[in-house]
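Undergrad: Before I ask anything, let me first share the structure, which is written out below as structure tokens.
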Amino acid sequence: MLHSVAIIAVAAIVTMIIRAVPFVAFGGKREVPETVTYLGKVLPPAIMVILVIYCVKGINLFTGSHGFPELLSIAVVALLHIWKKNTLLSIAVGTILYMILVQVVF
């Protein structure tokens, strides 16, 4: 029990430190470096692309459902996000659709 509490405490402290670093480094009236601003713009879409590739890398088009649940869910997420521009809604609907397709339909 004490071991688990210690692990949680260390994780909480490290999380607090990591979250405080940007405020310490860029707090006050200092400008955010151009590199950091650039990375803030390009990394989120790049990470999403990597996650999509990771999710579909195991699809075998010649067996089972032929990747239909994955590809349909990706299309629904993309269209819903373009329409509503709500990331949480898009991901939630895509996940629910995928789980229904995999568990019930295929």
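Each chain of the structure tokens is named A, B, ... in the order shown, its residues numbered from 1; ligands are numbered from 1 in display order.
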Output as a ChimeraX atom specification all residues of chain A that backbone DSSP marks as helix (DSSP H, G or I).
TA: /A:2-26,34-56,68-84,87-105
Undergrad: List the spatial neighbours of range 41-52 of chain A as number ranges by chain - criterion: any atom at most 12 Å away, only C-alpha atoms, same-chain residues fewer than 2 positions off excluded.
TA: A: 34-39, 54-59, 70-71, 73-75, 77-78, 87, 91
Undergrad: Can you tell me how far CA of Gly40 in chain A sits from CA of Ile8 in chain A, in Å to one decimal?
TA: 29.0 Å
Undergrad: At what distance in Å, to one decimal, does CA of Ser90 in chain A lie from CA of Phe62 in chain A?
TA: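 Pair CA of Phe62 in chain A / CA of Ser90 in chain A returns 28.4 Å.
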Undergrad: Could you work out how far CA of His81 in chain A lies from CA of Val105 in chain A, giving the answer in Å with one decimal?
TA: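 So the two atoms, CA of Val105 in chain A and CA of His81 in chain A, lie 24.1 Å apart.
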Undergrad: Here is a test: counting only C-alpha atoms, which residue of A:His66, A:Ala20, A:Ile82, A:Val76 is nearest to Gly94 in chain A?
TA: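 Smallest distance to Gly94 in chain A is found for A:Val76.
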Undergrad: Pick out the closest residue to Val104 in chain A from this set: A:Pro69, A:His3, A:Lys85, A:Ala11. Count only C-alpha atoms.
TA: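 For Val104 in chain A, the nearest of the candidates is A:Pro69.
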Undergrad: Which is closest to Phe106 in chain A among A:Val93, A:Ile18, A:Phe68, A:Leu88, if we use only C-alpha atoms?
TA: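 Of A:Val93, A:Ile18, A:Phe68, A:Leu88, the one nearest Phe106 in chain A is A:Phe68, counting only C-alpha atoms.
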